[in-house]
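Reading through the structure tokens given below for one structure.
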Amino acid sequence: MLKSRKIRDVMIGILELPHMPYWFNIKQSITLLVEMSANSKMLPPQVLLVFDELYNLVGIVGVKEILRGLEPGDLTTDKQITEQDQSLPPLPWDTMFDLNKDDEQAHKPVSDIMLPVRYFVDADEPLSKAAYLMAHNNLDVLPVIENKKKLIGIVRIAEVFDVLSNAVLKE
């Protein structure tokens with residue numbers, strides 16, 4: 001059964017996905033996600049697609065990128081922070097996401113925080129290819145194209161996992 005499953009079988013069509021131009025700011029992206037979640041009949045969207053002026057997909061902004069974008073600008077992001085880390089000064093946990101204090105973070109353009117799109121899959125490729133690319137590149141979503149150029153949707157790791165886990169459990 002798994003051999004016959006194609007990416008097209010589980011992808012979400014492009015018209016069902018929230019999207020925005022790269023010049024939108026973080027606050028606008030939050031508004032879009034909140035509105036889409038309230039109106040969604042399926043799982044709430046966890047990502048927004050980011051397009052340029054010519055409507056080319058240039059990036060993806062997820063909840064994690066938004067949270068990182070709202071952090072104060074003076075935090076280091078090139079090392080993982082733990083409670084026991086003695087090399088860093090104490091972090092201001094109580095005020096870290098205090099946007100009333102530092103509203104400029106919410107007005108950064110999403111192009112500053114988006115994940116550039118580097119991988120695509122064709123709608124008629126095996127679902128196992130999407131699983132491999134997602135697992136080995138730490139991706140939650142993959143853009144789906146048709147005829148090697150036309151963006152038609154995305155495939156999410158949740159749907160890929162659902163199909164793969166069902167196949168494993170039925171063995």
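Residues in the structure tokens are named by chain (A, B, ... in the order shown) and by number from 1 within that chain; ligands are numbered from 1 in the order shown.
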
Exercise for the section: Please identify all polymer residues within 12 Å of Thr31 in chain A, counting only C-alpha atoms, omitting same-chain residues fewer than 3 positions from it, and present them as a PyMOL selection string. Expected result: chain A and resi 18-20+24-28+34-38+48+66+106

Residues from the last selection, N, CA and C atoms, saved as an mmCIF file, in the first residue's frame:
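Written file, part.cif:
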data_model
loop_
_atom_site.group_PDB
_atom_site.id
_atom_site.type_symbol
_atom_site.label_atom_id
_atom_site.label_comp_id
_atom_site.auth_asym_id
_atom_site.auth_seq_id
_atom_site.Cartn_x
_atom_site.Cartn_y
_atom_site.Cartn_z
ATOM 1 N N PRO A 18 -2.634 29.623 3.997
ATOM 2 C CA PRO A 18 -2.410 31.057 4.206
ATOM 3 C C PRO A 18 -1.079 31.469 3.589
ATOM 4 N N HIS A 19 -1.067 32.631 3.002
ATOM 5 C CA HIS A 19 0.162 33.129 2.384
ATOM 6 C C HIS A 19 0.213 34.647 2.496
ATOM 7 N N MET A 20 1.416 35.173 2.303
ATOM 8 C CA MET A 20 1.628 36.614 2.465
ATOM 9 C C MET A 20 2.849 37.042 1.665
ATOM 10 N N PHE A 24 5.433 41.686 4.605
ATOM 11 C CA PHE A 24 4.584 41.682 5.792
ATOM 12 C C PHE A 24 5.470 41.585 7.030
ATOM 13 N N ASN A 25 4.952 42.068 8.159
ATOM 14 C CA ASN A 25 5.738 41.973 9.388
ATOM 15 C C ASN A 25 5.251 40.816 10.252
ATOM 16 N N ILE A 26 5.964 40.579 11.330
ATOM 17 C CA ILE A 26 5.653 39.450 12.211
ATOM 18 C C ILE A 26 4.242 39.588 12.791
ATOM 19 N N LYS A 27 3.872 40.781 13.185
ATOM 20 C CA LYS A 27 2.539 40.985 13.748
ATOM 21 C C LYS A 27 1.455 40.618 12.739
ATOM 22 N N GLN A 28 1.635 40.985 11.485
ATOM 23 C CA GLN A 28 0.672 40.636 10.444
ATOM 24 C C GLN A 28 0.622 39.121 10.224
ATOM 25 N N VAL A 34 -3.792 33.359 13.286
ATOM 26 C CA VAL A 34 -4.913 33.326 14.221
ATOM 27 C C VAL A 34 -6.238 33.268 13.455
ATOM 28 N N GLU A 35 -6.364 34.087 12.419
ATOM 29 C CA GLU A 35 -7.601 34.081 11.624
ATOM 30 C C GLU A 35 -7.799 32.748 10.919
ATOM 31 N N MET A 36 -6.732 32.195 10.357
ATOM 32 C CA MET A 36 -6.835 30.912 9.655
ATOM 33 C C MET A 36 -7.186 29.792 10.634
ATOM 34 N N SER A 37 -6.632 29.830 11.814
ATOM 35 C CA SER A 37 -6.938 28.794 12.808
ATOM 36 C C SER A 37 -8.408 28.848 13.218
ATOM 37 N N ALA A 38 -8.940 30.033 13.357
ATOM 38 C CA ALA A 38 -10.340 30.186 13.765
ATOM 39 C C ALA A 38 -11.290 29.704 12.683
ATOM 40 N N LEU A 48 2.966 29.696 7.219
ATOM 41 C CA LEU A 48 2.509 30.643 6.200
ATOM 42 C C LEU A 48 3.502 30.592 5.045
ATOM 43 N N ILE A 66 8.310 32.540 14.149
ATOM 44 C CA ILE A 66 7.670 33.721 14.745
ATOM 45 C C ILE A 66 8.156 33.911 16.181
ATOM 46 N N ALA A 106 7.975 42.973 16.782
ATOM 47 C CA ALA A 106 6.756 42.555 16.089
ATOM 48 C C ALA A 106 6.629 43.203 14.713
#

Exercise for the section: Show which residues sit within 8 Å of Pro143 in chain A, as a PyMOL selection string. Count only C-alpha atoms, and ignore same-chain residues fewer than 2 positions away. Expected result: chain A and resi 119-121+141+145+151-155

Problem - Contacts of Leu115 in chain A within 7 Å, only C-alpha atoms, excl. fewer than 4 positions in-chain, as a ChimeraX atom specification - result: /A:59-61

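Closest to Tyr55 in chain A among A:Asn39, A:Pro21, A:Met114, A:Lys149 is A:Pro21, based on only C-alpha atoms.
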
Exercise for the section: Using only C-alpha atoms, find the one residue out of A:Lys150, A:Lys129, A:Arg68, A:His136 that sits nearest to Asp112 in chain A. Expected result: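 For Asp112 in chain A, the nearest of the candidates is A:Arg68.
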
Exercise for the section: Within 9 Å of Ile157 in chain A, counting only C-alpha atoms, which residues show up once you throw out same-chain ones fewer than 4 positions away? Write them as a VMD selection string, please. Expected result: chain A and resid 130 to 131 134 to 135 139 to 142 161 to 162

Please save all heavy atoms of the selected residues as a compact mmCIF listing (two decimals), in the first residue's frame.
# COMPACT_ATOMS: atom_id res chain seq x y z
N ALA A 130 9.13 12.36 0.18
CA ALA A 130 8.81 13.49 1.06
C ALA A 130 9.24 13.16 2.49
O ALA A 130 9.84 14.00 3.17
CB ALA A 130 7.33 13.81 1.01
N ALA A 131 8.97 11.93 2.94
CA ALA A 131 9.35 11.52 4.29
C ALA A 131 10.87 11.63 4.47
O ALA A 131 11.34 12.14 5.49
CB ALA A 131 8.88 10.09 4.57
N MET A 134 12.03 15.38 4.51
CA MET A 134 11.60 16.04 5.74
C MET A 134 12.43 15.58 6.93
O MET A 134 12.87 16.40 7.73
CB MET A 134 10.11 15.80 5.97
CG MET A 134 9.24 16.45 4.92
SD MET A 134 7.54 15.93 5.06
CE MET A 134 6.75 17.51 5.19
N ALA A 135 12.65 14.29 7.03
CA ALA A 135 13.40 13.76 8.17
C ALA A 135 14.86 14.19 8.14
O ALA A 135 15.43 14.52 9.18
CB ALA A 135 13.31 12.23 8.17
N LEU A 139 12.41 19.40 8.24
CA LEU A 139 11.34 20.18 7.63
C LEU A 139 9.98 19.73 8.13
O LEU A 139 9.73 18.53 8.25
CB LEU A 139 11.38 20.03 6.10
CG LEU A 139 12.68 20.44 5.42
CD1 LEU A 139 12.64 20.03 3.95
CD2 LEU A 139 12.92 21.93 5.56
N ASP A 140 9.10 20.67 8.39
CA ASP A 140 7.73 20.35 8.77
C ASP A 140 6.81 20.33 7.56
O ASP A 140 5.75 19.72 7.60
CB ASP A 140 7.20 21.36 9.79
CG ASP A 140 7.94 21.28 11.11
OD1 ASP A 140 8.38 20.18 11.48
OD2 ASP A 140 8.05 22.33 11.78
N VAL A 141 7.19 21.05 6.52
CA VAL A 141 6.40 21.10 5.28
C VAL A 141 7.34 21.09 4.08
O VAL A 141 8.50 21.50 4.18
CB VAL A 141 5.50 22.36 5.21
CG1 VAL A 141 4.47 22.36 6.31
CG2 VAL A 141 6.31 23.62 5.22
N LEU A 142 6.80 20.64 2.96
CA LEU A 142 7.52 20.67 1.69
C LEU A 142 6.59 21.22 0.62
O LEU A 142 5.44 20.77 0.50
CB LEU A 142 7.92 19.26 1.26
CG LEU A 142 9.27 18.73 1.65
CD1 LEU A 142 9.37 17.25 1.27
CD2 LEU A 142 10.38 19.52 1.01
N PHE A 161 3.49 11.35 8.27
CA PHE A 161 3.62 10.43 9.40
C PHE A 161 2.37 9.56 9.54
O PHE A 161 2.48 8.37 9.84
CB PHE A 161 3.89 11.20 10.69
CG PHE A 161 4.02 10.29 11.88
CD1 PHE A 161 5.18 9.58 12.10
CD2 PHE A 161 2.96 10.13 12.77
CE1 PHE A 161 5.31 8.72 13.18
CE2 PHE A 161 3.07 9.28 13.85
CZ PHE A 161 4.25 8.56 14.06
N ASP A 162 1.22 10.13 9.35
CA ASP A 162 -0.03 9.37 9.46
C ASP A 162 -0.03 8.19 8.49
O ASP A 162 -0.33 7.06 8.87
CB ASP A 162 -1.22 10.30 9.20
CG ASP A 162 -2.55 9.62 9.45
OD1 ASP A 162 -2.69 8.96 10.50
OD2 ASP A 162 -3.44 9.75 8.60

Exercise for the section: Could you tell me how far CA of Arg8 in chain A lies from CA of Ile113 in chain A, in Å and to one decimal? Expected result: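 For CA of Arg8 in chain A relative to CA of Ile113 in chain A, the distance reads 28.8 Å.
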
Problem - Within 8 Å of Pro126 in chain A using only C-alpha atoms, minus same-chain residues under 5 positions, as a ChimeraX atom specification - result: /A:3-7

Output N, CA, C and O atoms for every residue in the selection just made, as a PDB file, in the first residue's frame.
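And here is the file that came out, result01.pdb:
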ATOM      1  N   LYS A   3       3.794   1.690  -1.181  1.00  0.00           N
ATOM      2  CA  LYS A   3       4.477   1.869  -2.470  1.00  0.00           C
ATOM      3  C   LYS A   3       3.621   2.652  -3.458  1.00  0.00           C
ATOM      4  O   LYS A   3       4.149   3.352  -4.297  1.00  0.00           O
ATOM      5  N   SER A   4       2.328   2.507  -3.338  1.00  0.00           N
ATOM      6  CA  SER A   4       1.445   3.167  -4.304  1.00  0.00           C
ATOM      7  C   SER A   4       1.045   4.580  -3.882  1.00  0.00           C
ATOM      8  O   SER A   4       0.431   5.296  -4.663  1.00  0.00           O
ATOM      9  N   ARG A   5       1.372   4.993  -2.670  1.00  0.00           N
ATOM     10  CA  ARG A   5       0.974   6.320  -2.194  1.00  0.00           C
ATOM     11  C   ARG A   5       1.867   7.393  -2.798  1.00  0.00           C
ATOM     12  O   ARG A   5       3.091   7.299  -2.772  1.00  0.00           O
ATOM     13  N   LYS A   6       1.240   8.408  -3.328  1.00  0.00           N
ATOM     14  CA  LYS A   6       1.938   9.532  -3.943  1.00  0.00           C
ATOM     15  C   LYS A   6       1.752  10.773  -3.070  1.00  0.00           C
ATOM     16  O   LYS A   6       0.815  10.867  -2.273  1.00  0.00           O
ATOM     17  N   ILE A   7       2.629  11.716  -3.255  1.00  0.00           N
ATOM     18  CA  ILE A   7       2.549  12.972  -2.516  1.00  0.00           C
ATOM     19  C   ILE A   7       1.206  13.652  -2.767  1.00  0.00           C
ATOM     20  O   ILE A   7       0.589  14.207  -1.854  1.00  0.00           O
TER      21      ILE A   7
END

Practice task
Could you check which of A:Pro116, A:Asp103, A:Leu15, A:Ser165 is closest to Gly62 in chain A, using only C-alpha atoms?
Solution key: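 Result for the nearest residue to Gly62 in chain A: A:Pro116.
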